[in-house]
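Just start_7.cif here, mmCIF, C-alpha atoms:
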data_upload
loop_
_atom_site.group_PDB
_atom_site.id
_atom_site.type_symbol
_atom_site.label_atom_id
_atom_site.label_comp_id
_atom_site.auth_asym_id
_atom_site.auth_seq_id
_atom_site.Cartn_x
_atom_site.Cartn_y
_atom_site.Cartn_z
ATOM 1 C CA GLY R 545 16.228 -35.740 49.108
ATOM 2 C CA ALA R 546 18.477 -32.816 48.500
ATOM 3 C CA ARG R 547 19.167 -31.830 44.871
ATOM 4 C CA SER R 548 22.732 -31.810 43.725
ATOM 5 C CA ALA R 549 24.334 -28.525 42.641
ATOM 6 C CA PHE R 550 24.285 -29.779 39.054
ATOM 7 C CA GLN R 551 20.506 -30.282 39.060
ATOM 8 C CA SER R 552 19.715 -26.776 40.366
ATOM 9 C CA PHE R 553 21.225 -24.934 37.391
ATOM 10 C CA THR R 554 18.783 -23.320 34.970
ATOM 11 C CA ALA R 555 19.551 -23.818 31.297
ATOM 12 C CA ARG R 556 20.316 -20.574 29.442
ATOM 13 C CA ARG R 557 20.504 -20.080 25.704
ATOM 14 C CA VAL R 558 23.495 -18.180 24.401
ATOM 15 C CA SER R 559 23.671 -16.566 20.973
ATOM 16 C CA THR R 560 26.697 -17.091 18.824
ATOM 17 C CA VAL R 561 28.302 -14.386 16.707
ATOM 18 C CA ASP R 562 26.946 -16.109 13.581
ATOM 19 C CA ALA R 563 23.389 -16.044 14.969
ATOM 20 C CA LEU R 564 23.673 -12.322 15.735
ATOM 21 C CA ALA R 565 24.980 -11.610 12.218
ATOM 22 C CA ALA R 566 22.086 -13.578 10.696
ATOM 23 C CA ALA R 567 19.585 -11.634 12.817
ATOM 24 C CA GLU R 568 21.096 -8.311 11.705
ATOM 25 C CA ALA R 569 20.955 -9.388 8.050
ATOM 26 C CA ALA R 570 17.284 -10.350 8.443
ATOM 27 C CA LYS R 571 16.520 -6.893 9.888
ATOM 28 C CA LYS R 572 18.121 -5.188 6.887
ATOM 29 C CA GLU R 573 15.926 -7.019 4.372
ATOM 30 C CA ASP R 574 13.025 -4.982 3.012
ATOM 31 C CA PHE R 575 9.926 -5.341 5.129
ATOM 32 C CA LYS R 576 6.942 -6.767 3.283
ATOM 33 C CA TYR R 577 3.424 -7.050 4.623
ATOM 34 C CA LYS R 578 2.107 -10.598 4.689
ATOM 35 C CA ILE R 579 -1.435 -9.338 4.087
ATOM 36 C CA SER R 580 -2.802 -6.627 1.808
ATOM 37 C CA LEU R 581 -5.165 -3.899 2.973
ATOM 38 C CA GLU R 582 -8.029 -5.539 1.061
ATOM 39 C CA GLU R 583 -7.355 -8.875 2.783
ATOM 40 C CA LEU R 584 -7.208 -7.132 6.176
ATOM 41 C CA VAL R 585 -10.556 -5.381 5.588
ATOM 42 C CA SER R 586 -12.089 -8.672 4.442
ATOM 43 C CA LEU R 587 -10.777 -10.437 7.580
ATOM 44 C CA CYS R 588 -12.181 -7.676 9.826
ATOM 45 C CA LYS R 589 -15.595 -8.031 8.197
ATOM 46 C CA ARG R 590 -15.609 -11.839 8.421
ATOM 47 C CA ARG R 591 -14.570 -11.808 12.078
ATOM 48 C CA GLY R 592 -17.031 -9.062 13.009
ATOM 49 C CA PHE R 593 -14.522 -6.354 13.924
ATOM 50 C CA VAL R 594 -15.790 -3.528 11.747
ATOM 51 C CA PHE R 595 -18.433 -2.894 9.081
ATOM 52 C CA GLN R 596 -19.197 0.061 6.862
ATOM 53 C CA SER R 597 -22.098 1.938 8.451
ATOM 54 C CA GLY R 598 -25.390 0.987 6.807
ATOM 55 C CA GLU R 599 -23.552 -1.423 4.516
ATOM 56 C CA ILE R 600 -26.635 -3.493 3.637
ATOM 57 C CA TYR R 601 -28.294 -0.289 2.345
ATOM 58 C CA GLY R 602 -25.369 0.834 0.210
ATOM 59 C CA GLY R 603 -23.126 2.117 3.001
ATOM 60 C CA PHE R 604 -22.080 5.569 4.077
ATOM 61 C CA ASN R 605 -18.470 6.572 3.306
ATOM 62 C CA GLY R 606 -16.272 7.453 6.257
ATOM 63 C CA PHE R 607 -18.543 5.932 8.915
ATOM 64 C CA PHE R 608 -18.116 2.529 10.514
ATOM 65 C CA ASP R 609 -19.974 0.282 12.932
ATOM 66 C CA TYR R 610 -18.024 -1.963 15.293
ATOM 67 C CA GLY R 611 -18.931 -5.589 15.909
ATOM 68 C CA PRO R 612 -18.386 -7.347 19.266
ATOM 69 C CA LEU R 613 -14.631 -7.866 18.773
ATOM 70 C CA GLY R 614 -14.179 -4.427 17.200
ATOM 71 C CA VAL R 615 -15.773 -2.693 20.190
ATOM 72 C CA GLU R 616 -13.454 -4.533 22.587
ATOM 73 C CA LEU R 617 -10.375 -3.690 20.489
ATOM 74 C CA LYS R 618 -11.400 -0.017 20.134
ATOM 75 C CA ASN R 619 -12.101 0.329 23.869
ATOM 76 C CA ASN R 620 -8.780 -1.307 24.801
ATOM 77 C CA LEU R 621 -6.872 1.035 22.492
ATOM 78 C CA LYS R 622 -8.771 4.038 23.824
ATOM 79 C CA LYS R 623 -8.046 3.049 27.460
ATOM 80 C CA MET R 624 -4.350 2.547 26.709
ATOM 81 C CA TRP R 625 -4.139 5.901 24.871
ATOM 82 C CA TRP R 626 -6.018 7.669 27.710
ATOM 83 C CA ARG R 627 -3.681 6.229 30.372
ATOM 84 C CA ARG R 628 -0.611 7.269 28.406
ATOM 85 C CA MET R 629 -1.698 10.687 27.110
ATOM 86 C CA VAL R 630 -3.922 11.939 29.953
ATOM 87 C CA HIS R 631 -3.070 10.115 33.178
ATOM 88 C CA GLY R 632 0.607 9.818 32.302
ATOM 89 C CA LYS R 633 1.181 13.580 31.898
ATOM 90 C CA ASP R 634 0.922 16.397 34.419
ATOM 91 C CA ASN R 635 0.005 19.087 31.894
ATOM 92 C CA VAL R 636 -2.866 17.276 30.095
ATOM 93 C CA VAL R 637 -6.489 16.916 31.194
ATOM 94 C CA GLY R 638 -9.265 14.933 29.564
ATOM 95 C CA VAL R 639 -12.337 16.508 27.955
ATOM 96 C CA ASP R 640 -15.239 14.754 26.253
ATOM 97 C CA ALA R 641 -17.113 17.255 24.077
ATOM 98 C CA ALA R 642 -19.844 16.973 21.458
ATOM 99 C CA ILE R 643 -18.751 16.497 17.854
ATOM 100 C CA ILE R 644 -21.494 18.775 16.544
ATOM 101 C CA THR R 645 -21.620 22.276 18.005
ATOM 102 C CA ASN R 646 -23.006 25.731 17.380
ATOM 103 C CA PRO R 647 -21.359 27.296 14.274
ATOM 104 C CA ARG R 648 -20.535 30.405 16.338
ATOM 105 C CA VAL R 649 -17.992 28.312 18.278
ATOM 106 C CA HIS R 650 -16.042 27.708 15.041
ATOM 107 C CA GLN R 651 -16.402 31.367 14.065
ATOM 108 C CA ALA R 652 -15.106 32.559 17.471
ATOM 109 C CA SER R 653 -12.135 30.170 17.293
ATOM 110 C CA GLY R 654 -11.131 31.532 13.870
ATOM 111 C CA HIS R 655 -11.803 28.306 11.951
ATOM 112 C CA VAL R 656 -14.422 29.866 9.665
ATOM 113 C CA ASP R 657 -12.483 32.986 8.644
ATOM 114 C CA ASN R 658 -8.877 31.810 8.849
ATOM 115 C CA PHE R 659 -8.757 28.076 8.277
ATOM 116 C CA SER R 660 -8.626 26.346 4.907
ATOM 117 C CA ASP R 661 -6.658 23.516 3.386
ATOM 118 C CA PRO R 662 -4.058 24.807 0.932
ATOM 119 C CA MET R 663 -5.058 23.651 -2.544
ATOM 120 C CA VAL R 664 -3.072 23.117 -5.743
ATOM 121 C CA ASP R 665 -4.509 23.397 -9.259
ATOM 122 C CA CYS R 666 -3.039 21.203 -11.996
ATOM 123 C CA THR R 667 -2.734 23.180 -15.234
ATOM 124 C CA LYS R 668 -2.678 19.973 -17.300
ATOM 125 C CA SER R 669 -5.592 17.979 -15.882
ATOM 126 C CA LYS R 670 -7.522 21.016 -14.562
ATOM 127 C CA LYS R 671 -8.030 19.133 -11.269
ATOM 128 C CA ARG R 672 -7.615 20.524 -7.752
ATOM 129 C CA PHE R 673 -5.725 18.678 -5.000
ATOM 130 C CA ARG R 674 -4.987 19.243 -1.316
ATOM 131 C CA ALA R 675 -1.386 20.429 -1.115
ATOM 132 C CA ASP R 676 -0.505 18.157 1.817
ATOM 133 C CA GLN R 677 -1.598 15.063 -0.144
ATOM 134 C CA LEU R 678 0.231 15.904 -3.377
ATOM 135 C CA MET R 679 3.859 14.735 -3.321
ATOM 136 C CA TRP R 680 6.490 16.030 -5.725
ATOM 137 C CA ALA R 681 10.216 15.901 -6.437
ATOM 138 C CA LYS R 682 12.628 17.724 -8.746
ATOM 139 C CA VAL R 683 14.252 15.526 -11.369
ATOM 140 C CA VAL R 684 17.933 16.503 -11.572
ATOM 141 C CA LEU R 685 20.787 14.805 -13.411
ATOM 142 C CA GLU R 686 24.051 14.058 -11.592
ATOM 143 C CA ASP R 687 25.670 16.953 -13.504
ATOM 144 C CA GLY R 688 23.087 19.366 -11.988
ATOM 145 C CA THR R 689 20.824 19.731 -15.059
ATOM 146 C CA LEU R 690 17.199 20.207 -13.993
ATOM 147 C CA LEU R 691 14.845 18.152 -16.177
ATOM 148 C CA GLY R 692 11.632 19.176 -14.437
ATOM 149 C CA ALA R 693 9.484 17.815 -11.625
ATOM 150 C CA VAL R 694 7.234 14.820 -11.058
ATOM 151 C CA SER R 695 4.216 14.627 -8.762
ATOM 152 C CA MET R 696 1.516 12.242 -7.549
ATOM 153 C CA LEU R 697 -1.016 11.774 -4.778
ATOM 154 C CA ASP R 698 0.455 10.118 -1.706
ATOM 155 C CA ASP R 699 -0.467 6.425 -1.713
ATOM 156 C CA GLY R 700 2.105 4.712 0.502
ATOM 157 C CA ASN R 701 4.224 3.710 -2.516
ATOM 158 C CA THR R 702 5.103 7.273 -3.462
ATOM 159 C CA GLU R 703 8.901 7.088 -3.756
ATOM 160 C CA GLN R 704 8.877 4.135 -6.150
ATOM 161 C CA GLN R 705 6.137 5.688 -8.296
ATOM 162 C CA LEU R 706 7.896 9.068 -8.433
ATOM 163 C CA MET R 707 11.157 7.343 -9.427
ATOM 164 C CA LYS R 708 9.315 5.528 -12.218
ATOM 165 C CA ALA R 709 7.862 8.869 -13.395
ATOM 166 C CA ALA R 710 11.327 10.483 -13.162
ATOM 167 C CA LYS R 711 12.838 7.776 -15.387
ATOM 168 C CA LYS R 712 10.023 8.315 -17.893
ATOM 169 C CA LEU R 713 10.717 12.069 -17.838
ATOM 170 C CA LEU R 714 14.419 11.348 -18.363
ATOM 171 C CA LYS R 715 13.551 9.276 -21.440
ATOM 172 C CA ASP R 716 11.002 11.832 -22.752
ATOM 173 C CA LYS R 717 13.543 14.661 -22.430
ATOM 174 C CA GLY R 718 16.003 12.685 -24.564
ATOM 175 C CA ALA R 719 18.791 12.706 -21.991
ATOM 176 C CA ALA R 720 22.078 11.104 -22.990
ATOM 177 C CA GLU R 721 22.175 7.346 -22.618
ATOM 178 C CA GLY R 722 23.588 6.351 -19.249
ATOM 179 C CA ALA R 723 22.689 9.725 -17.692
ATOM 180 C CA ALA R 724 22.261 9.241 -13.959
ATOM 181 C CA LEU R 725 19.691 10.940 -11.769
ATOM 182 C CA LYS R 726 20.389 12.448 -8.383
ATOM 183 C CA PRO R 727 18.351 10.833 -5.584
ATOM 184 C CA LEU R 728 14.833 12.280 -5.434
ATOM 185 C CA VAL R 729 13.966 14.550 -2.523
ATOM 186 C CA VAL R 730 10.251 13.917 -2.031
ATOM 187 C CA LYS R 731 8.180 16.706 -0.456
ATOM 188 C CA ASP R 732 4.532 17.613 -0.263
ATOM 189 C CA MET R 733 3.294 20.726 -2.057
ATOM 190 C CA THR R 734 3.033 22.713 1.188
ATOM 191 C CA GLU R 735 6.862 22.720 1.217
ATOM 192 C CA ALA R 736 7.161 24.096 -2.332
ATOM 193 C CA THR R 737 8.243 27.687 -2.911
ATOM 194 C CA PRO R 738 6.904 29.772 -5.814
ATOM 195 C CA GLU R 739 10.376 29.647 -7.400
ATOM 196 C CA GLU R 740 10.368 25.830 -7.398
ATOM 197 C CA ILE R 741 6.912 25.395 -8.919
ATOM 198 C CA PRO R 742 6.038 27.782 -11.770
#

Entire entry expressed as structure tokens:
Amino acid sequence: GARSAFQSFTARRVSTVDALAAAEAAKKEDFKYKISLEELVSLCKRRGFVFQSGEIYGGFNGFFDYGPLGVELKNNLKKMWWRRMVHGKDNVVGVDAAIITNPRVHQASGHVDNFSDPMVDCTKSKKRFRADQLMWAKVVLEDGTLLGAVSMLDDGNTEQQLMKAAKKLLKDKGAAEGAALKPLVVKDMTEATPEEIP
């Protein structure tokens, strides 16, 4: 028989103002990973996604072998990237070239004579670091007094670690109790001028 008008309606869910406010509050909370990098690597190994190349013979840093699931994932990502970056643009074409080439190619392109990573030497530890991996910030009191600078290698938790180092510097410099710091402006060493870093 024919359905009544009441029966043909589709149920729709409607959000209330309270539900929207709760969703916004949840977005503002600090994001925390549910799994650490070590746990993720362990999971990938157990499930056969990726292995360190030659792992059973001691491994080879920076090289990886893909298991059955890893190959599928890598190929899917590559296809998606290729569609978006090559097929999806009029001014881009695809090229598949050898990784290893004649050294004269690098010389002709200027890479041999003109290209080098900017390096920074630490006068305290006597170590050398790549400038783009070394993060730093001036430590300045609210009244404008410069206490110095703090630095560290970028590790994904840089701002918190630099703030901890800044508070230690504040204490070591014997600043007045209750002295407040200006917010740190974190930069890498490639952005430093000679005047900023003696």

Selection dump of the PyMOL selection byres ((chain R and resi 671-680) around 12), as an mmCIF file with C-alpha atoms, keeping the file's coordinate frame:
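So the final result, stored in result29.cif, reads:
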data_model
loop_
_atom_site.group_PDB
_atom_site.id
_atom_site.type_symbol
_atom_site.label_atom_id
_atom_site.label_comp_id
_atom_site.auth_asym_id
_atom_site.auth_seq_id
_atom_site.Cartn_x
_atom_site.Cartn_y
_atom_site.Cartn_z
ATOM 1 C CA SER R 660 -8.626 26.346 4.907
ATOM 2 C CA ASP R 661 -6.658 23.516 3.386
ATOM 3 C CA PRO R 662 -4.058 24.807 0.932
ATOM 4 C CA MET R 663 -5.058 23.651 -2.544
ATOM 5 C CA VAL R 664 -3.072 23.117 -5.743
ATOM 6 C CA ASP R 665 -4.509 23.397 -9.259
ATOM 7 C CA CYS R 666 -3.039 21.203 -11.996
ATOM 8 C CA THR R 667 -2.734 23.180 -15.234
ATOM 9 C CA LYS R 668 -2.678 19.973 -17.300
ATOM 10 C CA SER R 669 -5.592 17.979 -15.882
ATOM 11 C CA LYS R 670 -7.522 21.016 -14.562
ATOM 12 C CA ALA R 681 10.216 15.901 -6.437
ATOM 13 C CA LYS R 682 12.628 17.724 -8.746
ATOM 14 C CA VAL R 683 14.252 15.526 -11.369
ATOM 15 C CA GLY R 692 11.632 19.176 -14.437
ATOM 16 C CA ALA R 693 9.484 17.815 -11.625
ATOM 17 C CA VAL R 694 7.234 14.820 -11.058
ATOM 18 C CA SER R 695 4.216 14.627 -8.762
ATOM 19 C CA MET R 696 1.516 12.242 -7.549
ATOM 20 C CA LEU R 697 -1.016 11.774 -4.778
ATOM 21 C CA ASP R 698 0.455 10.118 -1.706
ATOM 22 C CA ASP R 699 -0.467 6.425 -1.713
ATOM 23 C CA GLY R 700 2.105 4.712 0.502
ATOM 24 C CA ASN R 701 4.224 3.710 -2.516
ATOM 25 C CA THR R 702 5.103 7.273 -3.462
ATOM 26 C CA GLU R 703 8.901 7.088 -3.756
ATOM 27 C CA GLN R 705 6.137 5.688 -8.296
ATOM 28 C CA LEU R 706 7.896 9.068 -8.433
ATOM 29 C CA MET R 707 11.157 7.343 -9.427
ATOM 30 C CA ALA R 709 7.862 8.869 -13.395
ATOM 31 C CA ALA R 710 11.327 10.483 -13.162
ATOM 32 C CA LEU R 728 14.833 12.280 -5.434
ATOM 33 C CA VAL R 729 13.966 14.550 -2.523
ATOM 34 C CA VAL R 730 10.251 13.917 -2.031
ATOM 35 C CA LYS R 731 8.180 16.706 -0.456
ATOM 36 C CA ASP R 732 4.532 17.613 -0.263
ATOM 37 C CA MET R 733 3.294 20.726 -2.057
ATOM 38 C CA THR R 734 3.033 22.713 1.188
ATOM 39 C CA GLU R 735 6.862 22.720 1.217
ATOM 40 C CA ALA R 736 7.161 24.096 -2.332
ATOM 41 C CA GLU R 740 10.368 25.830 -7.398
ATOM 42 C CA ILE R 741 6.912 25.395 -8.919
#

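Nearest to R:Gly688 of all the residues R:Ala719, R:Asn635, R:Asp657, R:Leu725 is R:Leu725, counting all atoms listed in the file.
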
Between R:Asp634, R:Pro727, R:Glu686, R:Asn620, which has the minimum distance to R:Gln704 (counting all atoms listed in the file)?
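When distances to R:Gln704 are compared using all atoms listed in the file, the smallest one comes from R:Pro727.
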
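Our summary of the geometry notes that atom CA of R:Val639 is positioned 24.7 Å from atom CA of R:Asn658.
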
File contents for stretch 614-657 of chain R with N, CA and C atoms as a PDB file, in the first residue's frame:
ATOM      1  N   GLY R 614      53.192  -2.143   3.713  1.00  0.00           N
ATOM      2  CA  GLY R 614      53.945  -0.909   3.507  1.00  0.00           C
ATOM      3  C   GLY R 614      54.043  -0.530   2.049  1.00  0.00           C
ATOM      4  N   VAL R 615      54.252  -1.518   1.181  1.00  0.00           N
ATOM      5  CA  VAL R 615      54.321  -1.263  -0.264  1.00  0.00           C
ATOM      6  C   VAL R 615      52.998  -0.709  -0.762  1.00  0.00           C
ATOM      7  N   GLU R 616      51.893  -1.319  -0.323  1.00  0.00           N
ATOM      8  CA  GLU R 616      50.566  -0.842  -0.752  1.00  0.00           C
ATOM      9  C   GLU R 616      50.326   0.598  -0.287  1.00  0.00           C
ATOM     10  N   LEU R 617      50.648   0.870   0.986  1.00  0.00           N
ATOM     11  CA  LEU R 617      50.465   2.222   1.528  1.00  0.00           C
ATOM     12  C   LEU R 617      51.326   3.229   0.765  1.00  0.00           C
ATOM     13  N   LYS R 618      52.603   2.902   0.555  1.00  0.00           N
ATOM     14  CA  LYS R 618      53.521   3.801  -0.156  1.00  0.00           C
ATOM     15  C   LYS R 618      53.032   4.068  -1.581  1.00  0.00           C
ATOM     16  N   ASN R 619      52.598   3.016  -2.280  1.00  0.00           N
ATOM     17  CA  ASN R 619      52.125   3.190  -3.655  1.00  0.00           C
ATOM     18  C   ASN R 619      50.847   4.020  -3.715  1.00  0.00           C
ATOM     19  N   ASN R 620      49.943   3.821  -2.751  1.00  0.00           N
ATOM     20  CA  ASN R 620      48.715   4.625  -2.712  1.00  0.00           C
ATOM     21  C   ASN R 620      49.028   6.102  -2.482  1.00  0.00           C
ATOM     22  N   LEU R 621      49.943   6.368  -1.545  1.00  0.00           N
ATOM     23  CA  LEU R 621      50.325   7.760  -1.286  1.00  0.00           C
ATOM     24  C   LEU R 621      50.999   8.381  -2.508  1.00  0.00           C
ATOM     25  N   LYS R 622      51.858   7.613  -3.145  1.00  0.00           N
ATOM     26  CA  LYS R 622      52.555   8.109  -4.336  1.00  0.00           C
ATOM     27  C   LYS R 622      51.563   8.419  -5.457  1.00  0.00           C
ATOM     28  N   LYS R 623      50.583   7.527  -5.676  1.00  0.00           N
ATOM     29  CA  LYS R 623      49.569   7.751  -6.722  1.00  0.00           C
ATOM     30  C   LYS R 623      48.750   9.007  -6.420  1.00  0.00           C
ATOM     31  N   MET R 624      48.348   9.168  -5.159  1.00  0.00           N
ATOM     32  CA  MET R 624      47.557  10.327  -4.776  1.00  0.00           C
ATOM     33  C   MET R 624      48.365  11.613  -4.980  1.00  0.00           C
ATOM     34  N   TRP R 625      49.634  11.602  -4.540  1.00  0.00           N
ATOM     35  CA  TRP R 625      50.508  12.767  -4.706  1.00  0.00           C
ATOM     36  C   TRP R 625      50.692  13.075  -6.191  1.00  0.00           C
ATOM     37  N   TRP R 626      50.918  12.048  -7.015  1.00  0.00           N
ATOM     38  CA  TRP R 626      51.148  12.229  -8.449  1.00  0.00           C
ATOM     39  C   TRP R 626      49.921  12.846  -9.120  1.00  0.00           C
ATOM     40  N   ARG R 627      48.723  12.332  -8.764  1.00  0.00           N
ATOM     41  CA  ARG R 627      47.490  12.897  -9.338  1.00  0.00           C
ATOM     42  C   ARG R 627      47.350  14.372  -8.983  1.00  0.00           C
ATOM     43  N   ARG R 628      47.637  14.693  -7.727  1.00  0.00           N
ATOM     44  CA  ARG R 628      47.444  16.069  -7.262  1.00  0.00           C
ATOM     45  C   ARG R 628      48.513  17.008  -7.794  1.00  0.00           C
ATOM     46  N   MET R 629      49.782  16.604  -7.732  1.00  0.00           N
ATOM     47  CA  MET R 629      50.883  17.511  -8.058  1.00  0.00           C
ATOM     48  C   MET R 629      51.246  17.519  -9.537  1.00  0.00           C
ATOM     49  N   VAL R 630      51.011  16.439 -10.260  1.00  0.00           N
ATOM     50  CA  VAL R 630      51.398  16.379 -11.670  1.00  0.00           C
ATOM     51  C   VAL R 630      50.171  16.495 -12.575  1.00  0.00           C
ATOM     52  N   HIS R 631      49.230  15.581 -12.434  1.00  0.00           N
ATOM     53  CA  HIS R 631      48.044  15.620 -13.292  1.00  0.00           C
ATOM     54  C   HIS R 631      47.142  16.805 -12.985  1.00  0.00           C
ATOM     55  N   GLY R 632      47.136  17.243 -11.749  1.00  0.00           N
ATOM     56  CA  GLY R 632      46.236  18.321 -11.339  1.00  0.00           C
ATOM     57  C   GLY R 632      46.732  19.724 -11.655  1.00  0.00           C
ATOM     58  N   LYS R 633      47.907  19.861 -12.254  1.00  0.00           N
ATOM     59  CA  LYS R 633      48.462  21.186 -12.554  1.00  0.00           C
ATOM     60  C   LYS R 633      48.876  21.246 -14.015  1.00  0.00           C
ATOM     61  N   ASP R 634      48.657  22.409 -14.628  1.00  0.00           N
ATOM     62  CA  ASP R 634      49.002  22.583 -16.035  1.00  0.00           C
ATOM     63  C   ASP R 634      50.488  22.855 -16.246  1.00  0.00           C
ATOM     64  N   ASN R 635      51.163  23.371 -15.246  1.00  0.00           N
ATOM     65  CA  ASN R 635      52.554  23.789 -15.416  1.00  0.00           C
ATOM     66  C   ASN R 635      53.567  22.823 -14.795  1.00  0.00           C
ATOM     67  N   VAL R 636      53.144  21.567 -14.524  1.00  0.00           N
ATOM     68  CA  VAL R 636      54.034  20.575 -13.922  1.00  0.00           C
ATOM     69  C   VAL R 636      54.004  19.314 -14.779  1.00  0.00           C
ATOM     70  N   VAL R 637      55.189  18.757 -15.034  1.00  0.00           N
ATOM     71  CA  VAL R 637      55.284  17.479 -15.744  1.00  0.00           C
ATOM     72  C   VAL R 637      56.059  16.506 -14.877  1.00  0.00           C
ATOM     73  N   GLY R 638      55.834  15.233 -15.074  1.00  0.00           N
ATOM     74  CA  GLY R 638      56.511  14.214 -14.285  1.00  0.00           C
ATOM     75  C   GLY R 638      57.810  13.764 -14.932  1.00  0.00           C
ATOM     76  N   VAL R 639      58.818  13.510 -14.113  1.00  0.00           N
ATOM     77  CA  VAL R 639      60.106  12.985 -14.558  1.00  0.00           C
ATOM     78  C   VAL R 639      60.529  11.917 -13.561  1.00  0.00           C
ATOM     79  N   ASP R 640      61.054  10.822 -14.049  1.00  0.00           N
ATOM     80  CA  ASP R 640      61.587   9.775 -13.180  1.00  0.00           C
ATOM     81  C   ASP R 640      63.047   9.597 -13.557  1.00  0.00           C
ATOM     82  N   ALA R 641      63.949  10.114 -12.741  1.00  0.00           N
ATOM     83  CA  ALA R 641      65.379  10.100 -13.049  1.00  0.00           C
ATOM     84  C   ALA R 641      66.125   9.242 -12.043  1.00  0.00           C
ATOM     85  N   ALA R 642      67.330   8.837 -12.409  1.00  0.00           N
ATOM     86  CA  ALA R 642      68.170   8.029 -11.525  1.00  0.00           C
ATOM     87  C   ALA R 642      68.594   8.841 -10.310  1.00  0.00           C
ATOM     88  N   ILE R 643      68.733   8.183  -9.176  1.00  0.00           N
ATOM     89  CA  ILE R 643      69.191   8.847  -7.962  1.00  0.00           C
ATOM     90  C   ILE R 643      70.687   9.121  -8.055  1.00  0.00           C
ATOM     91  N   ILE R 644      71.425   8.153  -8.584  1.00  0.00           N
ATOM     92  CA  ILE R 644      72.874   8.294  -8.712  1.00  0.00           C
ATOM     93  C   ILE R 644      73.176   8.756 -10.131  1.00  0.00           C
ATOM     94  N   THR R 645      74.016   9.767 -10.264  1.00  0.00           N
ATOM     95  CA  THR R 645      74.333  10.311 -11.577  1.00  0.00           C
ATOM     96  C   THR R 645      75.799  10.691 -11.650  1.00  0.00           C
ATOM     97  N   ASN R 646      76.228  11.071 -12.823  1.00  0.00           N
ATOM     98  CA  ASN R 646      77.604  11.495 -13.041  1.00  0.00           C
ATOM     99  C   ASN R 646      77.888  12.744 -12.220  1.00  0.00           C
ATOM    100  N   PRO R 647      78.998  12.820 -11.488  1.00  0.00           N
ATOM    101  CA  PRO R 647      79.309  13.998 -10.667  1.00  0.00           C
ATOM    102  C   PRO R 647      79.365  15.305 -11.471  1.00  0.00           C
ATOM    103  N   ARG R 648      79.619  15.221 -12.766  1.00  0.00           N
ATOM    104  CA  ARG R 648      79.660  16.448 -13.579  1.00  0.00           C
ATOM    105  C   ARG R 648      78.294  17.117 -13.664  1.00  0.00           C
ATOM    106  N   VAL R 649      77.223  16.333 -13.510  1.00  0.00           N
ATOM    107  CA  VAL R 649      75.867  16.915 -13.502  1.00  0.00           C
ATOM    108  C   VAL R 649      75.738  17.866 -12.320  1.00  0.00           C
ATOM    109  N   HIS R 650      76.197  17.438 -11.132  1.00  0.00           N
ATOM    110  CA  HIS R 650      76.123  18.281  -9.937  1.00  0.00           C
ATOM    111  C   HIS R 650      77.056  19.482 -10.059  1.00  0.00           C
ATOM    112  N   GLN R 651      78.193  19.301 -10.712  1.00  0.00           N
ATOM    113  CA  GLN R 651      79.125  20.409 -10.897  1.00  0.00           C
ATOM    114  C   GLN R 651      78.515  21.443 -11.844  1.00  0.00           C
ATOM    115  N   ALA R 652      77.897  20.989 -12.944  1.00  0.00           N
ATOM    116  CA  ALA R 652      77.294  21.896 -13.921  1.00  0.00           C
ATOM    117  C   ALA R 652      76.110  22.658 -13.327  1.00  0.00           C
ATOM    118  N   SER R 653      75.383  22.020 -12.408  1.00  0.00           N
ATOM    119  CA  SER R 653      74.213  22.670 -11.804  1.00  0.00           C
ATOM    120  C   SER R 653      74.590  23.654 -10.705  1.00  0.00           C
ATOM    121  N   GLY R 654      75.882  23.652 -10.296  1.00  0.00           N
ATOM    122  CA  GLY R 654      76.329  24.575  -9.261  1.00  0.00           C
ATOM    123  C   GLY R 654      76.296  23.994  -7.864  1.00  0.00           C
ATOM    124  N   HIS R 655      75.842  22.750  -7.706  1.00  0.00           N
ATOM    125  CA  HIS R 655      75.742  22.156  -6.371  1.00  0.00           C
ATOM    126  C   HIS R 655      77.104  21.931  -5.722  1.00  0.00           C
ATOM    127  N   VAL R 656      78.115  21.611  -6.506  1.00  0.00           N
ATOM    128  CA  VAL R 656      79.433  21.318  -5.937  1.00  0.00           C
ATOM    129  C   VAL R 656      80.110  22.590  -5.448  1.00  0.00           C
ATOM    130  N   ASP R 657      80.093  23.644  -6.270  1.00  0.00           N
ATOM    131  CA  ASP R 657      80.815  24.871  -5.938  1.00  0.00           C
ATOM    132  C   ASP R 657      80.037  25.824  -5.041  1.00  0.00           C
TER     133      ASP R 657
END
